[in-house]
Amino acid sequence: MSLIPGRIATFFGGRRWRSLAPLAVLIVLCVLIAIANPNFIELRNLVRLANSAAVPLTLAMGLTFIILMGSIDLAVEGTLSVAAMVLVLLAANDGNGNDYGWWAVLAAVAAGTAMGFVSGLVQTMLRIPSFMGTLGMWFIGLGLSVYMLGGTAIKLNDASIRDLALHRFLGLPVAVWVAFGAFLFATVIQYHTKLGRHILAIGGDEDVAKLSGVNVVRVRITAFALAGFFFGIAGVLAAAQLGQSHAVIGDGRLFAAVTAVVVGGTALTGGEGGVVNTLIGVLIVTVLANGMILLGISPYIQQTVQGLMIIAAVALSLDRVRLRIVK
Amino acid sequence: MNEPFSIKRVFEGKWTQGAIPLVLLVGLLLIIEIAAPGFLTGETVALLFANTAVLFILATGVTFAILLGGIDLSIQAVASLASVILAQLLPSLGLAAFPVAILSGLAFGVLSGVVHVKLRVPSFVATLATGGVVTGLALWVSNGRAITIEEAGRENTAWINATVIGIPVVVLISAVIGIAAFLALRYTRFGRQAIAVGAGEPAAWAAGINVDRTKIIAFAASGMLAAIAGVVLAARLSSGSPVLANQLLLPAIAAVIVGGTAITGGLGGVARTAVGALIISIVRIGMTFVGVNIFLENMVFGAVLIAAVAITIDRSKIAVIK
């Protein structure tokens with residue numbers, strides 16, 4: 001079958017070219033934006049760029065592991081808002097008298113991990129495809145956090161947690177370093193642990209992985225919990241950056257994260273790509289968003305551009321061509 | 001097996017699966033009637049139907065996508081865009097704003113279908129992406145704000161909020177759509193082919209069915225019905241907004257699944273969706289009645305969705321659950 005994406009992919013020279021394509025796109029994008037508006041490469045703007053990449057990067061790290069298994073986690077926004085809600089309600093805030101300091105951060109990350117753990121259980125124990133199970137978890141998380149916040153925005157008053165966003169270390173906000181730490185952590189897991197190998201194996205071919213002795217159920221649950229862990233950290237960062245938590249703290253984050261993972265070159269079919277690809281994907285998405293603002297393009301159109309990017313990136317990945325049934 | 005009675009097997013039987021939602025609906029109605037006698041009068045039932053109309057229209061559209069074994073995650077975005085277009089164009093175009101808004105939904109439905117089929121992108125990602133595209137456009141067109149339909153425009157939307165011999169027009173609209181969709185699925189070539197594709201795509205393909213065309217038509221129908229739902233919603237609320245229908249994605253999908261259409265495709269239909277939509281609507285009213293916090297609704301529907309999928313899914317059809 002000579003399908004359109006197949007032909008385009010062949011035209012671009014196949015696998016080798018494709019693995020470098022995201023990096024090339026990133027460089028071209030940077031050069032074009034810098035030419036159009038030299039303010040882009042000012043130090044101030046680069047810091048701003050790094051800052052706005054922090055939350056998407058942390059989210060996308062978690063999501064990468066799920067997509068590497070060939071699954072999807074739509075509960076990104078729900079988990080993030082639950083973590084942000086837990087953080088804000090347990091740390092010093094203007095809604096209740098709690099002031100547990102950094103225990104609140106721990107609790108928030110634990111809450112994110114727990115959400116992911118439940119997603120994993122739903123998928124493996126109830127045997128429901130992940131896009132359905134996590135769709136449910138998305139709204140369970142959202143409902144829970146809005147309920148606990150009473151439908152209003154609650155301010156985060158803990159100065160030391162706020163410092164995640166406000167304090168700078170070597171010129172960059174601490175949140176950026178945390179996100180970078182999350183990236184390093186994800187790299188170690190993917191390339192240097194059994195879990196990372198098993199996730200790749202499951203994504204490549206689940207039956208083969210099972211026959212080779214991989215405990216598929218355990219790996220899947222662990223991966224979803226791990227993703228929840230990253231979403232939890234992202235929730236903490238987001239709440240620290242905004243200085244509050246509210247009903248729409250997660251809006252648009254799922255979309256940006258999926259775009260970043262897919263544009264970076266991780267295949268939706270699983271087993272191909274990884275966290276380094278995702279780093280580049282996150283940079284592409286952030287640079288594009290930043291560039292559009294510098295060029296005076298309405299920020300509202302961003303989601304439209306991201307949507308088109310998802311379609312283009314998925315369509316151009318060679319692996320789809322092998323599949324006859326696409327549901 | 002010597003098991004005399006197995007709950008699991010009862011749940012897995014096709015016949016019981018078809019009957020459970022209906023029994024559930026009747027049970028819910030009885031509970032409400034006992035709790036609040038006099039609920040089942042013509043007036044409140046008309047109100048119930050009117051409040052279910054938008055949800056039902058959305059759910060009918062997504063039924064087509066789910067019957068094929070796919071999913072449409074862009075319906076809330078398409079509905080919101082249609083509401084924005086309607087609110088924006090009513091002052092200048094008058095009644096002609098309706099077809100424009102509805103055709104926009106058709107266009108984005110076709111886009112979803114083409115991306116899914118021709119570019120071979122799984123439907124949940126394809127529709128997630130087109131949903132983003134559409135949301136971006138709606139935000140852009142409306143400048144991120146809600147647009148109130150002013151007095152002049154309201155003249156043209158008044159007919160939607162009217163009643164004909166005691167029946168609200170929205171109920172009539174959703175009834176017409178429901179019957180048309182029911183007939184289309186049962187008696188047209190497209191409908192039969194859609195069910196065949198959902199039941200077994202390789203077999204449908206081998207039997208000479210144009211799978212691609214069937215899928216594109218289904219997604220087009222889903223988009224168009226989403227736009228109609230958006231238009232009706234805008235007329236009822238006298239406002240169009242880029243986030244107008246955001247809260248309806250989950251209830252709409254839940255309505256389809258709770259009604260007994262399996263996400264694995266090939267099993268289900270519009271009549272089941274009607275039952276499902278009524279169940280969701282009654283559960284929502286019931287929650288308000290019992291005093292469940294309105295913010296918890298999403299939690300309940302999320303849990304209901306997971307439970308309903310777990311019961312209705314046909315696991316023999318998926319080799320590997322991803």
# chains A, B, ... in the order shown; residues from 1 in each chain; ligands from 1
>>> residues_around(residues="range 290-306 of chain A", least_positions_apart="4", cutoff="8 Å", atoms="only C-alpha atoms", output="list of chain:residue names")
A:Ile33, A:Ala36, A:Asn37, A:Asn39, A:Phe40, A:Leu49, A:Gly252, A:Phe255, A:Ala256, A:Thr259, A:Val285, A:Thr286, A:Ile310, B:Ala129, B:Thr130, B:Gly132, B:Val133, B:Val134, B:Thr135, B:Gly136, B:Leu137, B:Leu139, B:Trp140, B:Asn143, B:Gly144
>>> residues_around(residues="Leu237 in chain B", least_positions_apart="4", cutoff="10 Å", atoms="only C-alpha atoms", output="ChimeraX atom specification")
/B:83,148-149,161,231-233,244
>>> write_last_selection(atoms="N, CA and C atoms", output="compact mmCIF listing (two decimals), in the first residue's frame")
# COMPACT_ATOMS: atom_id res chain seq x y z
N SER B 83 -20.75 27.12 19.04
CA SER B 83 -21.47 28.12 19.83
C SER B 83 -20.87 29.51 19.60
N THR B 148 -21.98 37.14 24.45
CA THR B 148 -23.41 37.09 24.76
C THR B 148 -24.21 37.30 23.48
N ILE B 149 -25.27 36.50 23.35
CA ILE B 149 -26.16 36.71 22.21
C ILE B 149 -27.13 37.83 22.59
N ASN B 161 -35.91 27.74 22.15
CA ASN B 161 -36.35 27.69 23.54
C ASN B 161 -37.86 27.61 23.68
N VAL B 231 -24.76 24.46 19.09
CA VAL B 231 -25.70 25.51 18.68
C VAL B 231 -26.90 25.55 19.63
N VAL B 232 -27.44 24.37 19.93
CA VAL B 232 -28.59 24.31 20.84
C VAL B 232 -28.21 24.85 22.22
N LEU B 233 -27.02 24.45 22.68
CA LEU B 233 -26.56 24.90 23.99
C LEU B 233 -26.42 26.43 24.00
N LEU B 244 -17.51 26.55 26.38
CA LEU B 244 -18.92 26.31 26.72
C LEU B 244 -19.22 24.84 27.01
>>> closest_atom_pairs(of="chain A", to="chain B", cutoff="6 Å", atoms="only C-alpha atoms", output="tab-separated table")
residue	atom	partner	partner_atom	distance
A:Ser71	CA	B:Lys322	CA	4.9
A:Pro129	CA	B:Lys322	CA	5.2
A:Ser130	CA	B:Lys322	CA	5.9
A:Gly133	CA	B:Ile306	CA	5.8
A:Gly136	CA	B:Gly302	CA	4.0
A:Phe139	CA	B:Asn298	CA	5.4
A:Ile140	CA	B:Met299	CA	3.9
A:Gly143	CA	B:Asn298	CA	4.8
A:Tyr147	CA	B:Phe295	CA	4.9
A:Tyr300	CA	B:Trp140	CA	5.2
A:Ile301	CA	B:Gly136	CA	4.7
A:Gln303	CA	B:Gly136	CA	4.8
A:Thr304	CA	B:Val133	CA	3.5
A:Gly307	CA	B:Ala129	CA	4.2
A:Ala315	CA	B:Leu119	CA	5.3
A:Val326	CA	B:Pro122	CA	5.5
A:Lys327	CA	B:Gly70	CA	5.2
>>> closest_residue(among="A:Leu43, A:Ala111, A:Val118, A:Leu149", to="Asn93 in chain A", atoms="only C-alpha atoms")
A:Leu149
>>> select_by_dssp(residues="range 65-267 of chain B", states="helix (DSSP H, G or I)", output="PyMOL selection string")
chain B and resi 65-67+75-118+123-142+151-161+169-187+189-199+201-206+211-237+246-258
>>> residues_around(residues="Leu237 in chain A", least_positions_apart="5", cutoff="10 Å", atoms="only C-alpha atoms", output="list of chain:residue names")
A:Ala54, A:Val55, A:Thr58, A:Leu80, A:Ala83, A:Ala84, A:Val105, A:Ile161, A:Arg162, A:Leu164, A:Ala165, A:Val174, A:Ala175, A:Val176, A:Val178, A:Ala179, A:Phe231, A:Gly232, A:Leu242, A:Gly243
>>> write_last_selection(atoms="N, CA and C atoms", output="PDB file, in the first residue's frame")
ATOM      1  N   ALA A  54       9.834  24.320  32.369  1.00  0.00           N
ATOM      2  CA  ALA A  54      10.026  23.458  33.547  1.00  0.00           C
ATOM      3  C   ALA A  54       8.871  22.481  33.758  1.00  0.00           C
ATOM      4  N   VAL A  55       7.640  23.014  33.833  1.00  0.00           N
ATOM      5  CA  VAL A  55       6.501  22.132  34.106  1.00  0.00           C
ATOM      6  C   VAL A  55       6.254  21.157  32.942  1.00  0.00           C
ATOM      7  N   THR A  58       8.807  18.277  33.038  1.00  0.00           N
ATOM      8  CA  THR A  58       8.575  17.286  34.087  1.00  0.00           C
ATOM      9  C   THR A  58       7.391  16.387  33.733  1.00  0.00           C
ATOM     10  N   LEU A  80      -1.975  16.353  37.959  1.00  0.00           N
ATOM     11  CA  LEU A  80      -1.279  17.598  38.287  1.00  0.00           C
ATOM     12  C   LEU A  80      -2.125  18.455  39.227  1.00  0.00           C
ATOM     13  N   ALA A  83      -2.139  17.049  42.789  1.00  0.00           N
ATOM     14  CA  ALA A  83      -0.895  17.331  43.499  1.00  0.00           C
ATOM     15  C   ALA A  83      -0.843  18.794  43.928  1.00  0.00           C
ATOM     16  N   ALA A  84      -1.223  19.691  43.023  1.00  0.00           N
ATOM     17  CA  ALA A  84      -1.195  21.119  43.348  1.00  0.00           C
ATOM     18  C   ALA A  84      -2.158  21.418  44.488  1.00  0.00           C
ATOM     19  N   VAL A 105       4.976  19.181  50.251  1.00  0.00           N
ATOM     20  CA  VAL A 105       5.545  18.815  48.948  1.00  0.00           C
ATOM     21  C   VAL A 105       5.591  17.300  48.814  1.00  0.00           C
ATOM     22  N   ILE A 161       8.516  27.302  49.737  1.00  0.00           N
ATOM     23  CA  ILE A 161       8.037  26.575  48.556  1.00  0.00           C
ATOM     24  C   ILE A 161       7.908  27.532  47.368  1.00  0.00           C
ATOM     25  N   ARG A 162       7.442  28.736  47.670  1.00  0.00           N
ATOM     26  CA  ARG A 162       7.361  29.753  46.611  1.00  0.00           C
ATOM     27  C   ARG A 162       8.744  30.022  46.006  1.00  0.00           C
ATOM     28  N   LEU A 164      10.825  28.019  45.061  1.00  0.00           N
ATOM     29  CA  LEU A 164      11.060  27.140  43.912  1.00  0.00           C
ATOM     30  C   LEU A 164      10.977  27.942  42.622  1.00  0.00           C
ATOM     31  N   ALA A 165      10.052  28.890  42.606  1.00  0.00           N
ATOM     32  CA  ALA A 165       9.859  29.682  41.398  1.00  0.00           C
ATOM     33  C   ALA A 165      10.588  31.020  41.483  1.00  0.00           C
ATOM     34  N   VAL A 174      14.928  27.953  40.626  1.00  0.00           N
ATOM     35  CA  VAL A 174      15.134  26.607  41.168  1.00  0.00           C
ATOM     36  C   VAL A 174      14.258  25.593  40.434  1.00  0.00           C
ATOM     37  N   ALA A 175      13.034  26.027  40.042  1.00  0.00           N
ATOM     38  CA  ALA A 175      12.115  25.114  39.359  1.00  0.00           C
ATOM     39  C   ALA A 175      12.761  24.508  38.118  1.00  0.00           C
ATOM     40  N   VAL A 176      13.550  25.312  37.415  1.00  0.00           N
ATOM     41  CA  VAL A 176      14.213  24.810  36.213  1.00  0.00           C
ATOM     42  C   VAL A 176      15.198  23.707  36.581  1.00  0.00           C
ATOM     43  N   VAL A 178      14.996  21.806  39.204  1.00  0.00           N
ATOM     44  CA  VAL A 178      14.209  20.628  39.601  1.00  0.00           C
ATOM     45  C   VAL A 178      13.790  19.850  38.354  1.00  0.00           C
ATOM     46  N   ALA A 179      13.305  20.589  37.346  1.00  0.00           N
ATOM     47  CA  ALA A 179      12.881  19.936  36.109  1.00  0.00           C
ATOM     48  C   ALA A 179      14.061  19.227  35.455  1.00  0.00           C
ATOM     49  N   PHE A 231       4.200  13.691  37.426  1.00  0.00           N
ATOM     50  CA  PHE A 231       3.090  14.655  37.368  1.00  0.00           C
ATOM     51  C   PHE A 231       2.949  15.364  38.718  1.00  0.00           C
ATOM     52  N   GLY A 232       3.207  14.607  39.797  1.00  0.00           N
ATOM     53  CA  GLY A 232       3.130  15.209  41.130  1.00  0.00           C
ATOM     54  C   GLY A 232       4.152  16.326  41.299  1.00  0.00           C
ATOM     55  N   LEU A 242       2.623  29.623  40.090  1.00  0.00           N
ATOM     56  CA  LEU A 242       1.428  30.466  40.080  1.00  0.00           C
ATOM     57  C   LEU A 242       1.178  31.115  41.439  1.00  0.00           C
ATOM     58  N   GLY A 243       1.759  30.522  42.499  1.00  0.00           N
ATOM     59  CA  GLY A 243       1.515  31.040  43.833  1.00  0.00           C
ATOM     60  C   GLY A 243       0.134  30.679  44.341  1.00  0.00           C
TER      61      GLY A 243
END
>>> atom_distance(atom1="CA of Arg186 in chain B", atom2="CA of Val256 in chain B")
17.1 Å
>>> select_by_dssp(residues="range 5-237 of chain A", states="strand (DSSP E)", output="list in words")
Ile154, Lys155, Arg168, Phe169, Leu172 and Pro173 of chain A
>>> write_last_selection(atoms="C-alpha atoms", output="short mmCIF file (atom, residue, chain, number, x, y, z; two decimals), in the first residue's frame")
data_model
loop_
_atom_site.label_atom_id
_atom_site.label_comp_id
_atom_site.auth_asym_id
_atom_site.auth_seq_id
_atom_site.Cartn_x
_atom_site.Cartn_y
_atom_site.Cartn_z
CA ILE A 154 -6.37 29.23 47.16
CA LYS A 155 -3.12 31.09 47.63
CA ARG A 168 17.45 31.79 41.47
CA PHE A 169 20.45 29.54 41.44
CA LEU A 172 17.96 30.15 36.68
CA PRO A 173 14.89 29.67 38.89
#
>>> atom_distance(atom1="CA of Cys30 in chain A", atom2="CA of Ala312 in chain A")
19.3 Å
>>> closest_residue(among="A:Met85, A:Ala239, A:Leu74, A:Leu121", to="Leu144 in chain A", atoms="only C-alpha atoms")
A:Met85
>>> atom_distance(atom1="CA of Leu308 in chain A", atom2="CA of Val275 in chain A")
22.1 Å
>>> closest_residue(among="B:Phe64, B:Leu93, B:Val275, B:Pro168", to="Arg192 in chain B", atoms="only C-alpha atoms")
B:Phe64
>>> closest_residue(among="B:Ala199, B:Ala277, B:Ala220, B:Val258", to="Ile20 in chain B", atoms="only C-alpha atoms")
B:Val258
>>> residues_around(residues="range 63-69 of chain A", least_positions_apart="4", cutoff="7 Å", atoms="only C-alpha atoms", output="ChimeraX atom specification")
/A:59,73,199-200,202-203,223-224,227,261,266,268,270-272,274-275
>>> write_last_selection(atoms="N, CA and C atoms", output="PDB file, in the first residue's frame")
ATOM      1  N   LEU A  59       6.310  17.008  33.244  1.00  0.00           N
ATOM      2  CA  LEU A  59       5.141  16.223  32.837  1.00  0.00           C
ATOM      3  C   LEU A  59       5.507  15.243  31.732  1.00  0.00           C
ATOM      4  N   ASP A  73      -1.526   8.210  28.839  1.00  0.00           N
ATOM      5  CA  ASP A  73      -2.064   8.655  30.113  1.00  0.00           C
ATOM      6  C   ASP A  73      -2.755   9.992  29.907  1.00  0.00           C
ATOM      7  N   ILE A 199      10.163  -1.544  30.208  1.00  0.00           N
ATOM      8  CA  ILE A 199       9.158  -0.672  29.596  1.00  0.00           C
ATOM      9  C   ILE A 199       9.347  -0.673  28.077  1.00  0.00           C
ATOM     10  N   LEU A 200      10.594  -0.534  27.651  1.00  0.00           N
ATOM     11  CA  LEU A 200      10.881  -0.556  26.208  1.00  0.00           C
ATOM     12  C   LEU A 200      10.482  -1.891  25.600  1.00  0.00           C
ATOM     13  N   ILE A 202       8.196  -4.018  26.606  1.00  0.00           N
ATOM     14  CA  ILE A 202       6.737  -4.129  26.517  1.00  0.00           C
ATOM     15  C   ILE A 202       6.214  -3.321  25.336  1.00  0.00           C
ATOM     16  N   GLY A 203       6.776  -2.120  25.165  1.00  0.00           N
ATOM     17  CA  GLY A 203       6.342  -1.284  24.050  1.00  0.00           C
ATOM     18  C   GLY A 203       6.690  -1.905  22.714  1.00  0.00           C
ATOM     19  N   ALA A 223       5.169   1.701  36.001  1.00  0.00           N
ATOM     20  CA  ALA A 223       5.347   2.797  35.048  1.00  0.00           C
ATOM     21  C   ALA A 223       4.286   3.876  35.247  1.00  0.00           C
ATOM     22  N   PHE A 224       3.030   3.456  35.458  1.00  0.00           N
ATOM     23  CA  PHE A 224       1.976   4.451  35.675  1.00  0.00           C
ATOM     24  C   PHE A 224       2.219   5.217  36.981  1.00  0.00           C
ATOM     25  N   ALA A 227       4.947   7.667  36.339  1.00  0.00           N
ATOM     26  CA  ALA A 227       4.424   8.826  35.618  1.00  0.00           C
ATOM     27  C   ALA A 227       3.702   9.748  36.586  1.00  0.00           C
ATOM     28  N   VAL A 261       6.056  14.962  23.589  1.00  0.00           N
ATOM     29  CA  VAL A 261       6.523  13.576  23.481  1.00  0.00           C
ATOM     30  C   VAL A 261       6.499  13.123  22.022  1.00  0.00           C
ATOM     31  N   THR A 266       9.018  10.068  19.896  1.00  0.00           N
ATOM     32  CA  THR A 266       8.619   8.809  20.523  1.00  0.00           C
ATOM     33  C   THR A 266       7.354   8.321  19.826  1.00  0.00           C
ATOM     34  N   LEU A 268       3.901   6.468  19.030  1.00  0.00           N
ATOM     35  CA  LEU A 268       2.721   6.114  19.811  1.00  0.00           C
ATOM     36  C   LEU A 268       2.539   4.612  19.901  1.00  0.00           C
ATOM     37  N   GLY A 270       4.768   2.637  20.660  1.00  0.00           N
ATOM     38  CA  GLY A 270       5.596   2.171  21.761  1.00  0.00           C
ATOM     39  C   GLY A 270       6.906   1.567  21.297  1.00  0.00           C
ATOM     40  N   GLY A 271       7.823   1.447  22.259  1.00  0.00           N
ATOM     41  CA  GLY A 271       9.080   0.758  21.982  1.00  0.00           C
ATOM     42  C   GLY A 271      10.119   1.570  21.245  1.00  0.00           C
ATOM     43  N   GLU A 272       9.785   2.793  20.886  1.00  0.00           N
ATOM     44  CA  GLU A 272      10.757   3.583  20.153  1.00  0.00           C
ATOM     45  C   GLU A 272      10.764   5.023  20.639  1.00  0.00           C
ATOM     46  N   GLY A 274      12.324   8.016  23.493  1.00  0.00           N
ATOM     47  CA  GLY A 274      12.786   8.050  24.877  1.00  0.00           C
ATOM     48  C   GLY A 274      12.828   9.447  25.430  1.00  0.00           C
ATOM     49  N   VAL A 275      13.374   9.552  26.654  1.00  0.00           N
ATOM     50  CA  VAL A 275      13.305  10.824  27.370  1.00  0.00           C
ATOM     51  C   VAL A 275      14.183  11.890  26.720  1.00  0.00           C
TER      52      VAL A 275
END
>>> residues_around(residues="Phe49 in chain B", least_positions_apart="5", cutoff="12 Å", atoms="only C-alpha atoms", output="number ranges by chain")
B: 40, 42-44, 54-57, 167-175, 274-275, 277-282, 285
>>> write_last_selection(atoms="N, CA and C atoms", output="PDB file, in the first residue's frame")
ATOM      1  N   LEU B  40     -42.829  12.019  38.463  1.00  0.00           N
ATOM      2  CA  LEU B  40     -43.104  11.569  37.093  1.00  0.00           C
ATOM      3  C   LEU B  40     -44.363  12.207  36.518  1.00  0.00           C
ATOM      4  N   GLY B  42     -45.978  15.043  33.680  1.00  0.00           N
ATOM      5  CA  GLY B  42     -45.600  15.470  32.336  1.00  0.00           C
ATOM      6  C   GLY B  42     -44.601  16.606  32.346  1.00  0.00           C
ATOM      7  N   GLU B  43     -44.811  17.551  33.257  1.00  0.00           N
ATOM      8  CA  GLU B  43     -43.982  18.749  33.243  1.00  0.00           C
ATOM      9  C   GLU B  43     -42.525  18.451  33.597  1.00  0.00           C
ATOM     10  N   THR B  44     -42.321  17.704  34.686  1.00  0.00           N
ATOM     11  CA  THR B  44     -40.939  17.433  35.099  1.00  0.00           C
ATOM     12  C   THR B  44     -40.246  16.505  34.108  1.00  0.00           C
ATOM     13  N   VAL B  54     -29.107  18.196  24.927  1.00  0.00           N
ATOM     14  CA  VAL B  54     -27.774  18.518  24.426  1.00  0.00           C
ATOM     15  C   VAL B  54     -26.833  17.333  24.622  1.00  0.00           C
ATOM     16  N   LEU B  55     -26.887  16.751  25.823  1.00  0.00           N
ATOM     17  CA  LEU B  55     -26.044  15.598  26.127  1.00  0.00           C
ATOM     18  C   LEU B  55     -26.330  14.463  25.155  1.00  0.00           C
ATOM     19  N   PHE B  56     -27.624  14.245  24.884  1.00  0.00           N
ATOM     20  CA  PHE B  56     -28.000  13.146  24.001  1.00  0.00           C
ATOM     21  C   PHE B  56     -27.493  13.376  22.576  1.00  0.00           C
ATOM     22  N   ILE B  57     -27.616  14.622  22.082  1.00  0.00           N
ATOM     23  CA  ILE B  57     -27.150  14.899  20.721  1.00  0.00           C
ATOM     24  C   ILE B  57     -25.648  14.652  20.618  1.00  0.00           C
ATOM     25  N   ILE B 167     -44.410  20.431  24.237  1.00  0.00           N
ATOM     26  CA  ILE B 167     -43.119  19.748  24.165  1.00  0.00           C
ATOM     27  C   ILE B 167     -42.045  20.756  23.783  1.00  0.00           C
ATOM     28  N   PRO B 168     -40.996  20.855  24.579  1.00  0.00           N
ATOM     29  CA  PRO B 168     -39.929  21.801  24.240  1.00  0.00           C
ATOM     30  C   PRO B 168     -39.321  21.467  22.875  1.00  0.00           C
ATOM     31  N   VAL B 169     -38.984  22.502  22.112  1.00  0.00           N
ATOM     32  CA  VAL B 169     -38.434  22.279  20.773  1.00  0.00           C
ATOM     33  C   VAL B 169     -37.116  21.500  20.836  1.00  0.00           C
ATOM     34  N   VAL B 170     -36.303  21.735  21.899  1.00  0.00           N
ATOM     35  CA  VAL B 170     -35.030  21.004  21.994  1.00  0.00           C
ATOM     36  C   VAL B 170     -35.275  19.500  22.046  1.00  0.00           C
ATOM     37  N   VAL B 171     -36.372  19.121  22.729  1.00  0.00           N
ATOM     38  CA  VAL B 171     -36.687  17.694  22.803  1.00  0.00           C
ATOM     39  C   VAL B 171     -37.040  17.168  21.415  1.00  0.00           C
ATOM     40  N   LEU B 172     -37.825  17.976  20.675  1.00  0.00           N
ATOM     41  CA  LEU B 172     -38.186  17.559  19.311  1.00  0.00           C
ATOM     42  C   LEU B 172     -36.937  17.418  18.452  1.00  0.00           C
ATOM     43  N   ILE B 173     -36.021  18.409  18.571  1.00  0.00           N
ATOM     44  CA  ILE B 173     -34.789  18.353  17.778  1.00  0.00           C
ATOM     45  C   ILE B 173     -34.020  17.075  18.095  1.00  0.00           C
ATOM     46  N   SER B 174     -33.853  16.797  19.401  1.00  0.00           N
ATOM     47  CA  SER B 174     -33.057  15.618  19.734  1.00  0.00           C
ATOM     48  C   SER B 174     -33.790  14.340  19.350  1.00  0.00           C
ATOM     49  N   ALA B 175     -35.136  14.365  19.398  1.00  0.00           N
ATOM     50  CA  ALA B 175     -35.885  13.180  18.972  1.00  0.00           C
ATOM     51  C   ALA B 175     -35.675  12.932  17.487  1.00  0.00           C
ATOM     52  N   ALA B 274     -29.565   6.644  24.095  1.00  0.00           N
ATOM     53  CA  ALA B 274     -30.659   7.431  24.666  1.00  0.00           C
ATOM     54  C   ALA B 274     -30.883   7.026  26.119  1.00  0.00           C
ATOM     55  N   VAL B 275     -30.897   5.710  26.365  1.00  0.00           N
ATOM     56  CA  VAL B 275     -31.059   5.227  27.741  1.00  0.00           C
ATOM     57  C   VAL B 275     -29.898   5.720  28.610  1.00  0.00           C
ATOM     58  N   ALA B 277     -27.957   8.330  28.173  1.00  0.00           N
ATOM     59  CA  ALA B 277     -28.008   9.779  28.410  1.00  0.00           C
ATOM     60  C   ALA B 277     -29.015  10.100  29.510  1.00  0.00           C
ATOM     61  N   LEU B 278     -30.168   9.391  29.482  1.00  0.00           N
ATOM     62  CA  LEU B 278     -31.166   9.628  30.526  1.00  0.00           C
ATOM     63  C   LEU B 278     -30.634   9.214  31.898  1.00  0.00           C
ATOM     64  N   ILE B 279     -29.911   8.079  31.934  1.00  0.00           N
ATOM     65  CA  ILE B 279     -29.337   7.638  33.210  1.00  0.00           C
ATOM     66  C   ILE B 279     -28.398   8.708  33.758  1.00  0.00           C
ATOM     67  N   ILE B 280     -27.482   9.180  32.886  1.00  0.00           N
ATOM     68  CA  ILE B 280     -26.521  10.202  33.321  1.00  0.00           C
ATOM     69  C   ILE B 280     -27.254  11.436  33.834  1.00  0.00           C
ATOM     70  N   SER B 281     -28.290  11.836  33.079  1.00  0.00           N
ATOM     71  CA  SER B 281     -29.040  13.030  33.436  1.00  0.00           C
ATOM     72  C   SER B 281     -29.730  12.859  34.790  1.00  0.00           C
ATOM     73  N   ILE B 282     -30.335  11.685  34.993  1.00  0.00           N
ATOM     74  CA  ILE B 282     -31.046  11.437  36.256  1.00  0.00           C
ATOM     75  C   ILE B 282     -30.065  11.352  37.420  1.00  0.00           C
ATOM     76  N   ILE B 285     -29.250  14.866  38.316  1.00  0.00           N
ATOM     77  CA  ILE B 285     -30.326  15.497  39.090  1.00  0.00           C
ATOM     78  C   ILE B 285     -30.370  14.900  40.491  1.00  0.00           C
TER      79      ILE B 285
END
>>> residues_around(residues="Phe185 in chain A", least_positions_apart="4", cutoff="12 Å", atoms="only C-alpha atoms", output="VMD selection string")
chain A and resid 58 61 to 62 178 to 181 189 to 193 196 226 229 to 230 275 to 276
